[in-house]
>>> print(open('run31.cif').read())   # mmCIF, C-alpha atoms
data_run
#
loop_
_atom_site.label_atom_id
_atom_site.label_comp_id
_atom_site.auth_asym_id
_atom_site.auth_seq_id
_atom_site.Cartn_x
_atom_site.Cartn_y
_atom_site.Cartn_z
CA GLN E 1 78.19 100.95 71.75
CA GLN E 2 77.23 99.93 68.26
CA GLN E 3 75.30 96.86 69.41
CA VAL E 4 71.54 96.40 69.15
CA LYS E 5 70.08 93.76 71.45
CA GLN E 6 66.88 91.92 70.51
CA SER E 7 64.57 89.54 72.36
CA PRO E 8 63.13 87.00 72.33
CA GLN E 9 65.15 84.81 70.01
CA SER E 10 62.01 82.95 68.98
CA LEU E 11 58.31 83.39 69.59
CA ILE E 12 55.26 81.23 69.00
CA VAL E 13 51.75 82.68 69.15
CA GLN E 14 48.28 81.61 68.15
CA LYS E 15 46.50 83.30 65.27
CA GLY E 16 44.99 86.55 66.49
CA GLY E 17 47.59 86.97 69.24
CA ILE E 18 49.80 90.03 69.67
CA PRO E 19 53.48 89.10 69.50
CA ILE E 20 55.86 91.71 70.90
CA ILE E 21 59.54 91.90 69.99
CA ASN E 22 61.84 94.11 71.99
CA CYS E 23 65.08 95.85 71.09
CA ALA E 24 67.56 97.98 73.00
CA TYR E 25 70.41 100.15 71.83
CA GLU E 26 73.29 101.98 73.49
CA ASN E 27 74.39 104.64 71.06
CA THR E 28 72.25 107.72 71.76
CA ALA E 29 73.32 109.19 68.43
CA PHE E 30 71.19 106.65 66.53
CA ASP E 31 68.28 108.52 64.99
CA TYR E 32 66.45 106.04 62.77
CA PHE E 33 65.06 102.68 63.82
CA PRO E 34 63.68 100.36 61.15
CA TRP E 35 62.25 96.86 61.40
CA TYR E 36 62.90 94.34 58.65
CA GLN E 37 60.91 91.20 57.90
CA GLN E 38 62.54 88.17 56.31
CA PHE E 39 60.78 85.14 54.88
CA PRO E 40 62.70 81.90 54.27
CA GLY E 41 64.78 82.06 51.12
CA LYS E 42 64.33 85.80 50.77
CA GLY E 43 66.26 88.88 51.74
CA PRO E 44 65.03 91.13 54.55
CA ALA E 45 62.48 93.75 53.54
CA LEU E 46 61.65 97.01 55.29
CA LEU E 47 58.48 96.69 57.35
CA ILE E 48 58.16 99.88 59.36
CA ALA E 49 60.49 102.51 60.81
CA ILE E 50 60.47 105.23 63.43
CA ARG E 51 62.48 108.29 64.39
CA PRO E 52 63.09 109.20 68.06
CA ASP E 53 60.96 112.33 67.92
CA VAL E 54 57.78 110.24 68.18
CA SER E 55 56.81 107.58 70.72
CA GLU E 56 54.67 105.44 68.48
CA LYS E 57 54.12 104.69 64.82
CA LYS E 58 51.44 102.49 63.37
CA GLU E 59 51.15 101.04 59.89
CA GLY E 60 48.30 98.60 59.42
CA ARG E 61 48.65 95.82 61.99
CA PHE E 62 52.25 96.74 62.83
CA THR E 63 53.11 99.23 65.58
CA ILE E 64 56.46 100.47 66.84
CA SER E 65 56.65 101.80 70.38
CA PHE E 66 59.70 103.91 71.16
CA ASN E 67 61.09 104.86 74.58
CA LYS E 68 63.92 107.31 74.08
CA SER E 69 64.88 107.61 77.75
CA ALA E 70 65.15 103.85 78.13
CA LYS E 71 66.81 103.46 74.72
CA GLN E 72 64.33 100.76 73.83
CA PHE E 73 61.85 100.13 71.05
CA SER E 74 59.47 97.33 70.29
CA LEU E 75 57.37 95.90 67.49
CA HIS E 76 53.78 94.83 68.12
CA ILE E 77 51.83 92.82 65.57
CA MET E 78 48.08 93.11 66.07
CA ASP E 79 45.76 90.25 65.08
CA SER E 80 48.72 88.16 63.96
CA GLN E 81 48.23 85.78 61.03
CA PRO E 82 50.07 82.64 59.90
CA GLY E 83 51.40 84.71 56.99
CA ASP E 84 53.28 86.86 59.50
CA SER E 85 55.51 83.90 60.34
CA ALA E 86 58.99 85.17 59.52
CA THR E 87 62.18 86.40 61.09
CA TYR E 88 62.08 89.98 62.29
CA PHE E 89 65.15 92.18 62.65
CA CYS E 90 65.29 95.49 64.42
CA ALA E 91 67.99 97.91 63.36
CA ALA E 92 69.41 101.29 64.20
CA THR E 93 71.34 103.79 62.20
CA LEU E 94 72.94 107.17 62.40
CA SER E 95 71.79 109.44 59.62
CA ARG E 96 74.71 110.94 57.88
CA ASP E 97 75.04 113.14 54.89
CA ASN E 98 73.92 112.05 51.50
CA TYR E 99 76.51 109.28 51.27
CA GLY E 100 74.51 106.65 53.12
CA GLN E 101 74.00 105.19 56.51
CA ASN E 102 75.54 102.36 58.50
CA PHE E 103 72.82 100.05 59.78
CA VAL E 104 73.34 97.92 62.90
CA PHE E 105 70.99 94.95 63.08
CA GLY E 106 69.72 92.99 66.05
CA PRO E 107 70.20 89.19 65.96
CA GLY E 108 66.63 88.54 64.84
CA THR E 109 63.46 86.97 66.23
CA ARG E 110 61.90 83.97 64.58
CA LEU E 111 58.12 84.31 64.84
CA SER E 112 55.71 81.45 64.25
CA VAL E 113 51.98 82.17 64.17
CA LEU E 114 49.95 79.00 64.54
CA PRO E 115 46.62 78.67 62.69
CA ASP J 1 61.02 91.67 44.04
CA SER J 2 63.39 94.22 45.56
CA GLY J 3 65.14 95.02 42.28
CA VAL J 4 68.52 93.96 43.66
CA THR J 5 70.03 91.01 41.81
CA GLN J 6 72.58 88.68 43.32
CA THR J 7 74.40 85.89 41.55
CA PRO J 8 74.94 83.06 41.98
CA LYS J 9 72.13 81.93 44.30
CA HIS J 10 74.12 78.98 45.54
CA LEU J 11 77.84 78.31 45.62
CA ILE J 12 79.58 75.19 46.82
CA THR J 13 83.33 75.17 47.05
CA ALA J 14 86.22 73.73 49.02
CA THR J 15 88.43 75.14 51.73
CA GLY J 16 91.27 77.26 50.45
CA GLN J 17 89.43 78.30 47.33
CA ARG J 18 88.42 81.79 46.15
CA VAL J 19 84.96 82.87 45.04
CA THR J 20 83.33 86.03 43.73
CA LEU J 21 79.80 87.09 44.56
CA ARG J 22 78.10 89.60 42.33
CA CYS J 23 75.45 92.21 43.03
CA SER J 24 73.49 94.52 40.75
CA PRO J 25 71.78 97.29 42.73
CA ARG J 26 68.39 98.80 41.97
CA SER J 27 68.42 101.20 39.10
CA GLY J 28 69.65 104.57 40.32
CA ASP J 29 70.87 103.40 43.73
CA LEU J 30 74.42 104.60 44.30
CA SER J 31 75.06 102.87 47.60
CA VAL J 32 75.75 99.15 47.99
CA TYR J 33 76.09 97.22 51.23
CA TRP J 34 77.30 93.69 51.87
CA TYR J 35 76.07 91.63 54.83
CA GLN J 36 76.87 88.17 56.07
CA GLN J 37 74.10 86.17 57.71
CA SER J 38 74.85 83.07 59.73
CA LEU J 39 72.60 81.16 62.12
CA ASP J 40 74.37 82.27 65.26
CA GLN J 41 75.48 85.76 64.23
CA GLY J 42 72.49 87.33 62.56
CA LEU J 43 73.12 90.03 59.97
CA GLN J 44 76.71 91.22 60.14
CA PHE J 45 77.69 94.33 58.20
CA LEU J 46 80.76 93.79 56.04
CA ILE J 47 81.30 96.84 53.86
CA GLN J 48 79.56 99.72 52.11
CA TYR J 49 80.34 101.46 48.82
CA TYR J 50 78.95 104.70 47.51
CA ASN J 51 79.38 105.54 43.84
CA GLY J 52 82.51 103.46 43.54
CA GLU J 53 84.17 104.51 46.78
CA GLU J 54 84.39 102.59 50.03
CA ARG J 55 82.37 104.46 52.67
CA ALA J 56 82.20 102.20 55.71
CA LYS J 57 83.80 98.99 56.86
CA GLY J 58 82.40 96.53 59.35
CA ASN J 59 83.57 93.12 60.48
CA ILE J 60 85.13 92.19 57.18
CA LEU J 61 88.04 89.77 57.24
CA GLU J 62 91.29 90.60 55.48
CA ARG J 63 90.69 87.56 53.26
CA PHE J 64 87.58 89.31 51.95
CA SER J 65 87.54 92.29 49.60
CA ALA J 66 84.96 94.15 47.60
CA GLN J 67 84.65 96.78 44.95
CA GLN J 68 81.99 98.77 43.14
CA PHE J 69 82.40 99.31 39.44
CA PRO J 70 81.52 102.38 37.32
CA ASP J 71 78.23 100.76 36.30
CA LEU J 72 77.51 100.51 40.07
CA HIS J 73 77.45 96.74 40.27
CA SER J 74 79.53 95.33 43.09
CA GLU J 75 81.56 92.21 43.70
CA LEU J 76 82.56 90.58 46.98
CA ASN J 77 85.67 88.44 46.75
CA LEU J 78 86.26 85.77 49.36
CA SER J 79 89.63 84.02 49.36
CA SER J 80 91.40 81.26 51.31
CA LEU J 81 87.96 80.04 52.27
CA GLU J 82 87.41 78.31 55.59
CA LEU J 83 84.53 76.16 56.81
CA GLY J 84 83.37 79.05 59.00
CA ASP J 85 82.82 81.25 55.95
CA SER J 86 79.77 79.19 55.06
CA ALA J 87 76.88 81.62 55.31
CA LEU J 88 74.26 83.55 53.41
CA TYR J 89 75.72 86.70 51.89
CA PHE J 90 73.37 89.56 51.15
CA CYS J 91 73.82 92.62 49.07
CA ALA J 92 71.59 95.64 49.65
CA SER J 93 71.30 98.92 47.83
CA SER J 94 70.03 102.24 49.04
CA PRO J 95 68.47 105.23 47.30
CA VAL J 96 70.67 107.67 49.13
CA ALA J 97 68.94 110.99 49.34
CA ALA J 98 68.18 113.47 52.06
CA GLY J 99 65.63 112.03 54.48
CA VAL J 100 65.53 108.60 52.85
CA GLU J 101 67.11 105.63 54.55
CA LYS J 102 65.97 102.34 53.11
CA LEU J 103 67.90 99.19 52.38
CA PHE J 104 66.66 96.98 49.58
CA PHE J 105 68.08 93.49 49.92
CA GLY J 106 68.73 90.93 47.25
CA SER J 107 67.80 87.29 47.78
CA GLY J 108 71.33 86.40 48.81
CA THR J 109 74.06 83.96 47.83
CA GLN J 110 74.24 80.80 49.92
CA LEU J 111 77.90 79.86 50.24
CA SER J 112 78.82 76.38 51.38
CA VAL J 113 82.48 75.66 52.04
CA LEU J 114 83.20 71.93 52.27
#
>>> encode(input="run31.cif", output="structure tokens")
Amino acid sequence: QQQVKQSPQSLIVQKGGIPIINCAYENTAFDYFPWYQQFPGKGPALLIAIRPDVSEKKEGRFTISFNKSAKQFSLHIMDSQPGDSATYFCAATLSRDNYGQNFVFGPGTRLSVLP
Amino acid sequence: DSGVTQTPKHLITATGQRVTLRCSPRSGDLSVYWYQQSLDQGLQFLIQYYNGEERAKGNILERFSAQQFPDLHSELNLSSLELGDSALYFCASSPVAAGVEKLFFGSGTQLSVL
């Protein structure tokens, strides 16, 4: 019940394309869903996040779509650029008190944007 | 730069040995997480500390242990190393406060067990 599934495992798009990465979770108690971006040799960095009380969140070229009933959420990258080539991780967590949260990560999607 | 410092960046050792990975969280962050990243397993949560106390435990082997010191830096100890322990180990810290849930990751320690 703690698992987060992510697909596809890898994705190749042309510059300007709209890659879509999908994630699914099982634990309905999860209430915060972030996406992390990781470049080679670096640690993951927070990209965008959403709470289940909204169906969509947009920040620049990155959009999260959230379907609470289906327990699914996805990341869309508009007008993708070669600089977006990275590994993307979805995650889910259960907000607790002020002592921290336990994040469950998907297995990652390696995105390559061709020039 | 996330503000989280991990040392060493690379570590090469032999099976059966013991190593210590070190993490300095961002200034003011009380919570420290350890993750293991391997090619086939993605990011696996190992353990979390908050202000010196263990708060959550994930898939951490008994051969592994961690602690968070009064100055908030943390160490992950890996003993009786096996070939399968070769992975990238990340530390992350979090500014734990109401309504804020962000993990700031260090650049990781690449462990190679030969």
>>> residues_around(input="run31.cif", residues="stretch 58-71 of chain J", least_positions_apart="4", cutoff="12 Å", atoms="only C-alpha atoms", output="compact mmCIF listing (two decimals) with C-alpha atoms, in the frame of the given file")
# COMPACT_ATOMS: atom_id res chain seq x y z
CA GLN E 2 77.23 99.93 68.26
CA ASN E 102 75.54 102.36 58.50
CA PHE E 103 72.82 100.05 59.78
CA VAL E 104 73.34 97.92 62.90
CA GLY J 16 91.27 77.26 50.45
CA GLN J 17 89.43 78.30 47.33
CA ARG J 18 88.42 81.79 46.15
CA VAL J 19 84.96 82.87 45.04
CA THR J 20 83.33 86.03 43.73
CA LEU J 21 79.80 87.09 44.56
CA ARG J 22 78.10 89.60 42.33
CA CYS J 23 75.45 92.21 43.03
CA SER J 24 73.49 94.52 40.75
CA PRO J 25 71.78 97.29 42.73
CA ARG J 26 68.39 98.80 41.97
CA SER J 27 68.42 101.20 39.10
CA GLY J 28 69.65 104.57 40.32
CA ASP J 29 70.87 103.40 43.73
CA LEU J 30 74.42 104.60 44.30
CA SER J 31 75.06 102.87 47.60
CA VAL J 32 75.75 99.15 47.99
CA TYR J 33 76.09 97.22 51.23
CA TRP J 34 77.30 93.69 51.87
CA TYR J 35 76.07 91.63 54.83
CA GLN J 36 76.87 88.17 56.07
CA GLN J 41 75.48 85.76 64.23
CA LEU J 43 73.12 90.03 59.97
CA GLN J 44 76.71 91.22 60.14
CA PHE J 45 77.69 94.33 58.20
CA LEU J 46 80.76 93.79 56.04
CA ILE J 47 81.30 96.84 53.86
CA GLN J 48 79.56 99.72 52.11
CA TYR J 49 80.34 101.46 48.82
CA TYR J 50 78.95 104.70 47.51
CA ASN J 51 79.38 105.54 43.84
CA GLY J 52 82.51 103.46 43.54
CA GLU J 53 84.17 104.51 46.78
CA GLU J 54 84.39 102.59 50.03
CA GLU J 75 81.56 92.21 43.70
CA LEU J 76 82.56 90.58 46.98
CA ASN J 77 85.67 88.44 46.75
CA LEU J 78 86.26 85.77 49.36
CA SER J 79 89.63 84.02 49.36
CA SER J 80 91.40 81.26 51.31
CA LEU J 81 87.96 80.04 52.27
CA GLU J 82 87.41 78.31 55.59
CA GLY J 84 83.37 79.05 59.00
CA ASP J 85 82.82 81.25 55.95
CA CYS J 91 73.82 92.62 49.07
CA SER J 93 71.30 98.92 47.83
>>> residues_around(input="run31.cif", residues="E:Phe66", least_positions_apart="5", cutoff="9 Å", atoms="all atoms listed in the file", output="CSV table (one decimal) with C-alpha atoms, keeping the file's coordinate frame")
chain,number,residue,atom,x,y,z
E,50,ILE,CA,60.5,105.2,63.4
E,51,ARG,CA,62.5,108.3,64.4
E,52,PRO,CA,63.1,109.2,68.1
E,54,VAL,CA,57.8,110.2,68.2
E,55,SER,CA,56.8,107.6,70.7
E,56,GLU,CA,54.7,105.4,68.5
E,57,LYS,CA,54.1,104.7,64.8
E,71,LYS,CA,66.8,103.5,74.7
E,72,GLN,CA,64.3,100.8,73.8
E,73,PHE,CA,61.8,100.1,71.0
E,74,SER,CA,59.5,97.3,70.3
>>> resolve_selection(input="run31.cif", expression="the PyMOL selection byres ((chain E) within 12 of (chain J))", output="CSV table (one decimal) with C-alpha atoms, keeping the file's coordinate frame")
chain,number,residue,atom,x,y,z
E,2,GLN,CA,77.2,99.9,68.3
E,3,GLN,CA,75.3,96.9,69.4
E,4,VAL,CA,71.5,96.4,69.2
E,5,LYS,CA,70.1,93.8,71.4
E,6,GLN,CA,66.9,91.9,70.5
E,9,GLN,CA,65.2,84.8,70.0
E,31,ASP,CA,68.3,108.5,65.0
E,32,TYR,CA,66.4,106.0,62.8
E,33,PHE,CA,65.1,102.7,63.8
E,34,PRO,CA,63.7,100.4,61.2
E,35,TRP,CA,62.2,96.9,61.4
E,36,TYR,CA,62.9,94.3,58.6
E,37,GLN,CA,60.9,91.2,57.9
E,38,GLN,CA,62.5,88.2,56.3
E,39,PHE,CA,60.8,85.1,54.9
E,40,PRO,CA,62.7,81.9,54.3
E,41,GLY,CA,64.8,82.1,51.1
E,42,LYS,CA,64.3,85.8,50.8
E,43,GLY,CA,66.3,88.9,51.7
E,44,PRO,CA,65.0,91.1,54.6
E,45,ALA,CA,62.5,93.8,53.5
E,46,LEU,CA,61.6,97.0,55.3
E,47,LEU,CA,58.5,96.7,57.4
E,48,ILE,CA,58.2,99.9,59.4
E,49,ALA,CA,60.5,102.5,60.8
E,50,ILE,CA,60.5,105.2,63.4
E,51,ARG,CA,62.5,108.3,64.4
E,87,THR,CA,62.2,86.4,61.1
E,88,TYR,CA,62.1,90.0,62.3
E,89,PHE,CA,65.2,92.2,62.6
E,90,CYS,CA,65.3,95.5,64.4
E,91,ALA,CA,68.0,97.9,63.4
E,92,ALA,CA,69.4,101.3,64.2
E,93,THR,CA,71.3,103.8,62.2
E,94,LEU,CA,72.9,107.2,62.4
E,95,SER,CA,71.8,109.4,59.6
E,96,ARG,CA,74.7,110.9,57.9
E,97,ASP,CA,75.0,113.1,54.9
E,98,ASN,CA,73.9,112.0,51.5
E,99,TYR,CA,76.5,109.3,51.3
E,100,GLY,CA,74.5,106.6,53.1
E,101,GLN,CA,74.0,105.2,56.5
E,102,ASN,CA,75.5,102.4,58.5
E,103,PHE,CA,72.8,100.0,59.8
E,104,VAL,CA,73.3,97.9,62.9
E,105,PHE,CA,71.0,95.0,63.1
E,106,GLY,CA,69.7,93.0,66.0
E,107,PRO,CA,70.2,89.2,66.0
E,108,GLY,CA,66.6,88.5,64.8
E,109,THR,CA,63.5,87.0,66.2
E,110,ARG,CA,61.9,84.0,64.6
>>> atom_distance(input="run31.cif", atom1="atom CA of E:Cys23", atom2="atom CA of E:Pro8")
9.1 Å
>>> resolve_selection(input="run31.cif", expression="the PyMOL selection byres ((chain E and resi 81-83) around 12)", output="ChimeraX atom specification")
/E:12-19,37-40,61-62,77-80,84-87,111-115
>>> atom_distance(input="run31.cif", atom1="atom CA of E:Ile20", atom2="atom CA of E:Ser65")
10.1 Å
>>> atom_distance(input="run31.cif", atom1="atom CA of E:Asp53", atom2="atom CA of E:Phe30")
11.8 Å
>>> closest_residue(input="run31.cif", among="E:Glu59, E:Ile64, E:Ala70, E:Leu11", to="E:Tyr25", atoms="all atoms listed in the file")
E:Ala70
>>> resolve_selection(input="run31.cif", expression="the PyMOL selection byres ((chain J and resi 13) around 6)", output="PDB file with C-alpha atoms, in the frame of the given file")
ATOM      1  CA  ILE J  12      79.580  75.190  46.820  1.00  0.00           C
ATOM      2  CA  ALA J  14      86.220  73.730  49.020  1.00  0.00           C
ATOM      3  CA  VAL J 113      82.480  75.660  52.040  1.00  0.00           C
TER       4      VAL J 113
END
>>> axis_aligned_box(input="run31.cif", around="stretch 78-97 of chain E", padding_each_side="6 Å", output="lines of an AutoDock Vina configuration file")
center_x = 60.4
center_y = 97.9
center_z = 60.5
size_x = 41.3
size_y = 42.5
size_z = 23.2
>>> build_atoms(input="run31.cif", residues="stretch 81-92 of chain J", atoms="all heavy atoms", output="PDB file, in the coordinates of the input")
ATOM      1  N   LEU J  81      89.202  80.332  51.562  1.00  0.00           N
ATOM      2  CA  LEU J  81      87.960  80.040  52.270  1.00  0.00           C
ATOM      3  C   LEU J  81      88.142  78.997  53.366  1.00  0.00           C
ATOM      4  O   LEU J  81      88.894  78.020  53.215  1.00  0.00           O
ATOM      5  CB  LEU J  81      86.892  79.599  51.280  1.00  0.00           C
ATOM      6  CG  LEU J  81      86.306  80.734  50.441  1.00  0.00           C
ATOM      7  CD1 LEU J  81      85.477  80.175  49.297  1.00  0.00           C
ATOM      8  CD2 LEU J  81      85.465  81.664  51.311  1.00  0.00           C
ATOM      9  N   GLU J  82      87.423  79.228  54.447  1.00  0.00           N
ATOM     10  CA  GLU J  82      87.410  78.310  55.590  1.00  0.00           C
ATOM     11  C   GLU J  82      85.983  77.825  55.796  1.00  0.00           C
ATOM     12  O   GLU J  82      85.019  78.429  55.318  1.00  0.00           O
ATOM     13  CB  GLU J  82      87.927  79.030  56.834  1.00  0.00           C
ATOM     14  CG  GLU J  82      89.325  79.600  56.679  1.00  0.00           C
ATOM     15  CD  GLU J  82      89.765  80.407  57.883  1.00  0.00           C
ATOM     16  OE1 GLU J  82      88.958  80.564  58.832  1.00  0.00           O
ATOM     17  OE2 GLU J  82      90.911  80.896  57.882  1.00  0.00           O
ATOM     18  N   LEU J  83      85.854  76.722  56.543  1.00  0.00           N
ATOM     19  CA  LEU J  83      84.530  76.160  56.810  1.00  0.00           C
ATOM     20  C   LEU J  83      83.604  77.208  57.428  1.00  0.00           C
ATOM     21  O   LEU J  83      82.414  77.267  57.121  1.00  0.00           O
ATOM     22  CB  LEU J  83      84.642  74.958  57.732  1.00  0.00           C
ATOM     23  CG  LEU J  83      85.387  73.737  57.184  1.00  0.00           C
ATOM     24  CD1 LEU J  83      85.477  72.654  58.253  1.00  0.00           C
ATOM     25  CD2 LEU J  83      84.713  73.211  55.932  1.00  0.00           C
ATOM     26  N   GLY J  84      84.154  78.038  58.291  1.00  0.00           N
ATOM     27  CA  GLY J  84      83.370  79.050  59.000  1.00  0.00           C
ATOM     28  C   GLY J  84      82.861  80.173  58.115  1.00  0.00           C
ATOM     29  O   GLY J  84      82.063  81.000  58.564  1.00  0.00           O
ATOM     30  N   ASP J  85      83.310  80.216  56.871  1.00  0.00           N
ATOM     31  CA  ASP J  85      82.820  81.250  55.950  1.00  0.00           C
ATOM     32  C   ASP J  85      81.482  80.859  55.333  1.00  0.00           C
ATOM     33  O   ASP J  85      80.860  81.681  54.650  1.00  0.00           O
ATOM     34  CB  ASP J  85      83.846  81.497  54.843  1.00  0.00           C
ATOM     35  CG  ASP J  85      85.167  82.022  55.369  1.00  0.00           C
ATOM     36  OD1 ASP J  85      85.153  82.752  56.381  1.00  0.00           O
ATOM     37  OD2 ASP J  85      86.216  81.684  54.779  1.00  0.00           O
ATOM     38  N   SER J  86      81.067  79.633  55.568  1.00  0.00           N
ATOM     39  CA  SER J  86      79.770  79.190  55.060  1.00  0.00           C
ATOM     40  C   SER J  86      78.674  80.051  55.671  1.00  0.00           C
ATOM     41  O   SER J  86      78.550  80.133  56.898  1.00  0.00           O
ATOM     42  CB  SER J  86      79.530  77.724  55.397  1.00  0.00           C
ATOM     43  OG  SER J  86      80.471  76.896  54.750  1.00  0.00           O
ATOM     44  N   ALA J  87      77.916  80.707  54.832  1.00  0.00           N
ATOM     45  CA  ALA J  87      76.880  81.620  55.310  1.00  0.00           C
ATOM     46  C   ALA J  87      76.071  82.088  54.118  1.00  0.00           C
ATOM     47  O   ALA J  87      76.363  81.758  52.970  1.00  0.00           O
ATOM     48  CB  ALA J  87      77.506  82.823  56.024  1.00  0.00           C
ATOM     49  N   LEU J  88      75.059  82.895  54.436  1.00  0.00           N
ATOM     50  CA  LEU J  88      74.260  83.550  53.410  1.00  0.00           C
ATOM     51  C   LEU J  88      74.787  84.981  53.297  1.00  0.00           C
ATOM     52  O   LEU J  88      74.873  85.689  54.288  1.00  0.00           O
ATOM     53  CB  LEU J  88      72.801  83.536  53.833  1.00  0.00           C
ATOM     54  CG  LEU J  88      71.711  83.939  52.853  1.00  0.00           C
ATOM     55  CD1 LEU J  88      71.813  83.171  51.555  1.00  0.00           C
ATOM     56  CD2 LEU J  88      70.348  83.717  53.483  1.00  0.00           C
ATOM     57  N   TYR J  89      75.158  85.370  52.102  1.00  0.00           N
ATOM     58  CA  TYR J  89      75.720  86.700  51.890  1.00  0.00           C
ATOM     59  C   TYR J  89      74.696  87.552  51.137  1.00  0.00           C
ATOM     60  O   TYR J  89      74.242  87.192  50.058  1.00  0.00           O
ATOM     61  CB  TYR J  89      77.028  86.628  51.103  1.00  0.00           C
ATOM     62  CG  TYR J  89      78.135  86.009  51.922  1.00  0.00           C
ATOM     63  CD1 TYR J  89      78.286  84.629  51.992  1.00  0.00           C
ATOM     64  CD2 TYR J  89      79.018  86.803  52.646  1.00  0.00           C
ATOM     65  CE1 TYR J  89      79.278  84.051  52.765  1.00  0.00           C
ATOM     66  CE2 TYR J  89      80.022  86.238  53.417  1.00  0.00           C
ATOM     67  CZ  TYR J  89      80.137  84.869  53.477  1.00  0.00           C
ATOM     68  OH  TYR J  89      81.129  84.302  54.261  1.00  0.00           O
ATOM     69  N   PHE J  90      74.353  88.674  51.747  1.00  0.00           N
ATOM     70  CA  PHE J  90      73.370  89.560  51.150  1.00  0.00           C
ATOM     71  C   PHE J  90      74.026  90.839  50.655  1.00  0.00           C
ATOM     72  O   PHE J  90      74.927  91.389  51.290  1.00  0.00           O
ATOM     73  CB  PHE J  90      72.298  89.957  52.174  1.00  0.00           C
ATOM     74  CG  PHE J  90      71.278  88.902  52.456  1.00  0.00           C
ATOM     75  CD1 PHE J  90      71.277  88.229  53.670  1.00  0.00           C
ATOM     76  CD2 PHE J  90      70.307  88.586  51.519  1.00  0.00           C
ATOM     77  CE1 PHE J  90      70.338  87.248  53.930  1.00  0.00           C
ATOM     78  CE2 PHE J  90      69.359  87.611  51.779  1.00  0.00           C
ATOM     79  CZ  PHE J  90      69.377  86.942  52.985  1.00  0.00           C
ATOM     80  N   CYS J  91      73.509  91.305  49.557  1.00  0.00           N
ATOM     81  CA  CYS J  91      73.820  92.620  49.070  1.00  0.00           C
ATOM     82  C   CYS J  91      72.556  93.461  49.226  1.00  0.00           C
ATOM     83  O   CYS J  91      71.439  92.959  49.081  1.00  0.00           O
ATOM     84  CB  CYS J  91      74.224  92.540  47.596  1.00  0.00           C
ATOM     85  SG  CYS J  91      74.246  94.098  46.727  1.00  0.00           S
ATOM     86  N   ALA J  92      72.725  94.716  49.566  1.00  0.00           N
ATOM     87  CA  ALA J  92      71.590  95.640  49.650  1.00  0.00           C
ATOM     88  C   ALA J  92      71.984  96.938  48.980  1.00  0.00           C
ATOM     89  O   ALA J  92      73.159  97.325  48.993  1.00  0.00           O
ATOM     90  CB  ALA J  92      71.203  95.882  51.106  1.00  0.00           C
TER      91      ALA J  92
END
